[in-house]
Amino acid sequence: MNHPKVKAVLEYPCGKAPIVGSSSEVAPGILWFRMPLPFALDHINLWAARDGDGWAAFDSGVQSRETASAWHKLCGTGGALESGGVTRLFVTHMHPDHVGMAGWLTRKFDCQLWMTRLEYLTCRVLVADTGREAPNDGVNFYRRAGWNEEALEDYRARFGTFGKLVYALPDSYRRLRNGERLRIGAHEWQIVVGSGHSPEHACFYCAELKLLIAGDQVLARISSNVSVFPTEPDADPMGDWLASIDRLRQEVPDDVLVLPAHNDPFRGLHARLDDLASGHRRALDRLRSALAQPKRAVDVFAELFGRPVGSDPNLLGMATGESLAHLNYLYHREEIVKEVGADGVAWYRVK
């Protein structure tokens with residue numbers, strides 16, 4: 001979700017994004033691809049690093065004919081990856097636009113998938129929900145947040161579609177760990193794990209090349225969604241997210257070129273991290289003021305996002321999850337109280 005008053009002045013040194021099916025070199029031996037997405041956010045950036053005779057790929061795109069066609073162009077005659085193909089696939093996290101074609105690529109090139117444990121296992125769980133009826137826990141979760149019956153019925157109808165965007169995952173993977181150092185081609189890369197947007201998101205930092213493959217952990221023009229979900233209604237992802245911002249600032253220097261999953265590569269990492277943190281802290285301040293009177297999760301959208309959310313199901317789901325992330329942050333720090341009425345709806349207020 002976007003937050004108001006983002007002020008970081010960033011540099012964008014890499015020029016225009018490559019067209020789908022082509023590439024551009026952003027550093028020696030580092031390629032940038034752009035794949036289409038069938039969402040309001042209509043693209044994802046993927047990356048490849050020279051790895052011996054082939055290429056290590058980072059993220060895979062959503063499962064779709066368009067993405068498969070783009071990969072065929074990249075790997076086919078005259079394509080950027082024609083020489084050596086894909087040697088291994090690194091996936092930052094388990095969202096479909098990142099992991100969607102992982103199974104397809106690892107099977108095509110007989111290569112290994114590298115992910116953190118929580119991302120791989122969480123993805124397996126969500127894929128297993130495909131085709132299921134919406135669970136009562138999920139319906140009650142959104143009713144508690146203040147959804148009306150029309151929104152709840154839409155949730156029931158749309159539940160279980162995650163796996164439709166993800167090609168069948170490989171049945172094994174190579175685990176990535178925070179702080180681990182890997183050799184990819186001629187260079188060493190360090191894994192820096194963040195949480196909040198997803199359970200165990202891997203970023204890849206190369207000190208020699210002064211690069212950070214950031215996935216969704218740091219984006220230039222938008223802030224990643226930080227949400228509470230029905231599977232863990234009492235979670236504190238906002239606390240995790242703010243702690244991850246601090247960790248990235250400590251472990252990765254400011255002079256890197258950031259290679260994000262969306263928008264364009266940029267310089268100005270620390271300024272952007274500061275803006276992301278301050279944006280959420282300002283939102284928390286507005287929320288504290290708003291909760292002088294009891295409110296539901298759906299009542300605080302204006303305070304958090306500075307604009308109406310409307311009835312779009314995807315936007316409503318993200319906004320509700322992020323509102324609960326802010327509310328849970330304050331609740332876990334005993335700044336607010338939560339009272340659930342006889343109708344199952346939760347109301348929040350400052351103490």
# chains A, B, ... in the order shown; residues from 1 in each chain; ligands from 1
>>> residues_around(residues="Cys123 (chain A)", least_positions_apart="2", cutoff="12 Å", atoms="only C-alpha atoms", output="VMD selection string")
chain A and resid 91 93 to 96 98 to 100 102 115 to 121 125 to 130 162 to 163 165 to 171 198 to 200
>>> select_by_dssp(residues="region 88-333 of chain A", states="strand (DSSP E or B)", output="VMD selection string")
chain A and resid 88 to 90 112 to 116 174 to 176 181 to 184 187 to 194 201 to 206 211 to 215 257 to 260 266 to 267 295
>>> closest_residue(among="A:Gly344, A:Asn178, A:Met101, A:Pro230", to="Phe159 (chain A)", atoms="only C-alpha atoms")
A:Pro230
>>> closest_atom_pairs(of="region 156-271 of chain A", to="region 29-37 of chain A", cutoff="12 Å", atoms="only C-alpha atoms", output="JSON lines")
{"residue": "A:Leu165", "atom": "CA", "partner": "A:Leu37", "partner_atom": "CA", "distance": 10.6}
{"residue": "A:Ile184", "atom": "CA", "partner": "A:Gly29", "partner_atom": "CA", "distance": 10.7}
{"residue": "A:Gly185", "atom": "CA", "partner": "A:Gly29", "partner_atom": "CA", "distance": 9.1}
{"residue": "A:Ala186", "atom": "CA", "partner": "A:Gly29", "partner_atom": "CA", "distance": 9.4}
{"residue": "A:His187", "atom": "CA", "partner": "A:Gly29", "partner_atom": "CA", "distance": 10.1}
{"residue": "A:Cys206", "atom": "CA", "partner": "A:Ile30", "partner_atom": "CA", "distance": 11.3}
{"residue": "A:Leu209", "atom": "CA", "partner": "A:Ile30", "partner_atom": "CA", "distance": 9.5}
{"residue": "A:Lys210", "atom": "CA", "partner": "A:Ile30", "partner_atom": "CA", "distance": 11.7}
{"residue": "A:Leu211", "atom": "CA", "partner": "A:Ile30", "partner_atom": "CA", "distance": 9.6}
{"residue": "A:Leu212", "atom": "CA", "partner": "A:Ile30", "partner_atom": "CA", "distance": 11.5}
{"residue": "A:Ile213", "atom": "CA", "partner": "A:Ile30", "partner_atom": "CA", "distance": 10.6}
{"residue": "A:Leu257", "atom": "CA", "partner": "A:Ile30", "partner_atom": "CA", "distance": 11.7}
{"residue": "A:Val258", "atom": "CA", "partner": "A:Trp32", "partner_atom": "CA", "distance": 12.0}
{"residue": "A:Leu259", "atom": "CA", "partner": "A:Trp32", "partner_atom": "CA", "distance": 8.7}
{"residue": "A:Pro260", "atom": "CA", "partner": "A:Trp32", "partner_atom": "CA", "distance": 10.3}
{"residue": "A:Ala261", "atom": "CA", "partner": "A:Arg34", "partner_atom": "CA", "distance": 9.1}
{"residue": "A:His262", "atom": "CA", "partner": "A:Arg34", "partner_atom": "CA", "distance": 9.1}
{"residue": "A:Asn263", "atom": "CA", "partner": "A:Arg34", "partner_atom": "CA", "distance": 10.1}
{"residue": "A:Asp264", "atom": "CA", "partner": "A:Trp32", "partner_atom": "CA", "distance": 10.1}
{"residue": "A:Pro265", "atom": "CA", "partner": "A:Trp32", "partner_atom": "CA", "distance": 9.4}
>>> select_by_dssp(residues="region 167-242 of chain A", states="helix (DSSP H, G or I)", output="list of chain:residue names")
A:Pro237, A:Met238, A:Gly239, A:Asp240, A:Trp241, A:Leu242
>>> residues_around(residues="Arg272 (chain A)", least_positions_apart="4", cutoff="10 Å", atoms="only C-alpha atoms", output="list in words")
Val6, Lys7, Ala8, Val9, Leu10, Val218, Leu219, Ala220, Arg221, Ser223, Ile245, Arg249, Asp254, Phe266, Arg267, Gly268, Leu276, Ala277 and Ser278 of chain A
>>> residues_around(residues="Gly79 (chain A)", least_positions_apart="5", cutoff="9 Å", atoms="only C-alpha atoms", output="list in words")
Gly21, Ser22, Ser23, His72, Lys73 and Leu74 of chain A
>>> write_last_selection(atoms="C-alpha atoms", output="PDB file, in the first residue's frame")
ATOM      1  CA  GLY A  21      11.744 -11.105 -23.468  1.00  0.00           C
ATOM      2  CA  SER A  22      14.909  -8.998 -23.616  1.00  0.00           C
ATOM      3  CA  SER A  23      17.490  -7.875 -21.077  1.00  0.00           C
ATOM      4  CA  HIS A  72      11.392 -19.022 -23.977  1.00  0.00           C
ATOM      5  CA  LYS A  73      12.688 -15.876 -25.702  1.00  0.00           C
ATOM      6  CA  LEU A  74      15.370 -15.341 -23.064  1.00  0.00           C
TER       7      LEU A  74
END
>>> residues_around(residues="Val350 (chain A)", least_positions_apart="6", cutoff="7 Å", atoms="only C-alpha atoms", output="PDB file with N, CA and C atoms, in the first residue's frame")
ATOM      1  N   ARG A 288      -3.100   6.227  16.461  1.00  0.00           N
ATOM      2  CA  ARG A 288      -3.283   6.486  17.902  1.00  0.00           C
ATOM      3  C   ARG A 288      -4.305   7.603  18.121  1.00  0.00           C
ATOM      4  N   LEU A 291      -7.937   6.490  17.327  1.00  0.00           N
ATOM      5  CA  LEU A 291      -8.530   5.520  18.246  1.00  0.00           C
ATOM      6  C   LEU A 291      -8.916   6.139  19.586  1.00  0.00           C
ATOM      7  N   ALA A 292      -8.980   7.442  19.634  1.00  0.00           N
ATOM      8  CA  ALA A 292      -9.596   8.083  20.806  1.00  0.00           C
ATOM      9  C   ALA A 292     -11.049   7.642  20.917  1.00  0.00           C
ATOM     10  N   GLU A 335      -0.715  -0.469  23.931  1.00  0.00           N
ATOM     11  CA  GLU A 335      -1.128   0.917  23.777  1.00  0.00           C
ATOM     12  C   GLU A 335      -2.630   1.041  23.545  1.00  0.00           C
ATOM     13  N   ILE A 336      -3.261  -0.031  23.068  1.00  0.00           N
ATOM     14  CA  ILE A 336      -4.688  -0.010  22.792  1.00  0.00           C
ATOM     15  C   ILE A 336      -5.330  -1.269  23.365  1.00  0.00           C
ATOM     16  N   VAL A 337      -6.642  -1.242  23.457  1.00  0.00           N
ATOM     17  CA  VAL A 337      -7.402  -2.420  23.881  1.00  0.00           C
ATOM     18  C   VAL A 337      -8.304  -2.855  22.734  1.00  0.00           C
TER      19      VAL A 337
END
>>> atom_distance(atom1="CA of His280 (chain A)", atom2="CA of Asp59 (chain A)")
27.1 Å
>>> atom_distance(atom1="CA of His197 (chain A)", atom2="CA of Asn225 (chain A)")
5.9 Å
